[in-house]
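Enquirer: Submitted below is the structure of interest, expressed as structure tokens.
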Amino acid sequence: MLKDIKIVIDLDNTLLDSHKLWESLGEDMEKLGVSKELWKEARARESARIKEAEEKGDYLQLYSIENIIDFLKEKLGSRFDFLFVFYHFLPRFAGLLNDSKEDCLFPDSKAFLEKHKKEIILLSFGNGVVQLSKILTTRLNRYLDPDRIFITKKEKWQFFSENWKADRGNFPPKFMIDDCPRNLRLIKEHNPSVITICIRRPEVYVDENIHRRSINFVVKSLTEVEEIVK
Ligand SMILES: [Mg+2]
């Protein structure tokens, strides 16, 4: 199956405007007793943590809802934990409510997936429940079959190398699209034949220059990617 795969694509800040998604959840959080200010503060702290780690050059790219919830738990009390939040959010996240968060996808995402349906897979890093929830609530599952969705807590380069090595009969996909320069650098180091494409959406945290030698292309949109993968 993987011999047909040409493109591996990232979810957060590549297909999905994750900042916008979390922002849009503010109203729901208010119903759980989280003020707009506190929700903003919790997310800002998490962004700052990632930025700091990335500047040190040693971070694992993950905007963690668990960290955000832990912070809120400190402020609001122990009942406010991961299960509590997801108990209230899962119906929405699972697409069971009518108001999807489809508008949090970048404008060119759906067309890109549609066009490359047969040759693309999604590789997302993070908590499986959270990542799958994002996929469902934005209706991305309409564009990706379940066997084309991979969510891992391992670093992407590790997952990539373990699953898509030529000596295991699965030839590495040709293109890797991600907003995280560090992911691309590490994938390239371990799989030199992969063409790495760094997509710079809004709300990005780091200058790609430190990883530049391992990145083949830097683009601003998936429309630009079309020129490269065609
Ligand atoms: Mg990303």
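Lettering and numbering for the structure tokens are positional, with chains as A, B, ... in the shown order, residues counted from 1 in each chain, and ligands counted from 1 in the shown order.
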Could you list, as a ChimeraX atom specification, all the residues within 7 Å of ligand 1, counting only C-alpha atoms and all ligand atoms?
Expert: /A:10-14,178-180
Enquirer: Would you list the contacts of stretch 37-40 of chain A as a PyMOL selection string, taking every protein, DNA or RNA residue within 12 Å and counting only C-alpha atoms, but skipping same-chain residues closer than 4 positions in sequence?
Expert: chain A and resi 19+22-33+44-47+65+68-69+71-76
Enquirer: What's around stretch 184-199 of chain A at 6 Å? Count only C-alpha atoms, leave out sequence neighbours fewer than 3 positions away in its own chain, and write the answer as a ChimeraX atom specification.
Expert: /A:157,174-179,181,211,214-220
Enquirer: Between A:Ser78, A:Ser64, A:Ser109, A:Gln158, which one has atoms that come closest to A:Thr138, using only C-alpha atoms?
Expert: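 Among the listed residues, A:Ser109 lies closest to A:Thr138.
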Enquirer: Apply DSSP to the structure's backbone, then extract all residues of stretch 47-195 of chain A labelled strand (DSSP E) and return them as a list in words.
Expert: Ile120, Ile121, Leu122, Leu123, Ser124, Phe125, Ile149, Phe150, Ile151, Thr152, Phe175, Met176, Ile177, Asp178 and Ile195 of chain A
Enquirer: Using only C-alpha atoms, find the one residue out of A:His116, A:Lys6, A:His88, A:Lys101 that sits nearest to A:Phe171.
Expert: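 Of A:His116, A:Lys6, A:His88, A:Lys101, the one nearest A:Phe171, counting only C-alpha atoms, is A:Lys6.
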Enquirer: Between A:Leu15, A:Arg139, A:Val225, A:Val34, which residue has the minimum interatomic distance to A:Phe80, considering only C-alpha atoms?
Expert: A:Val34
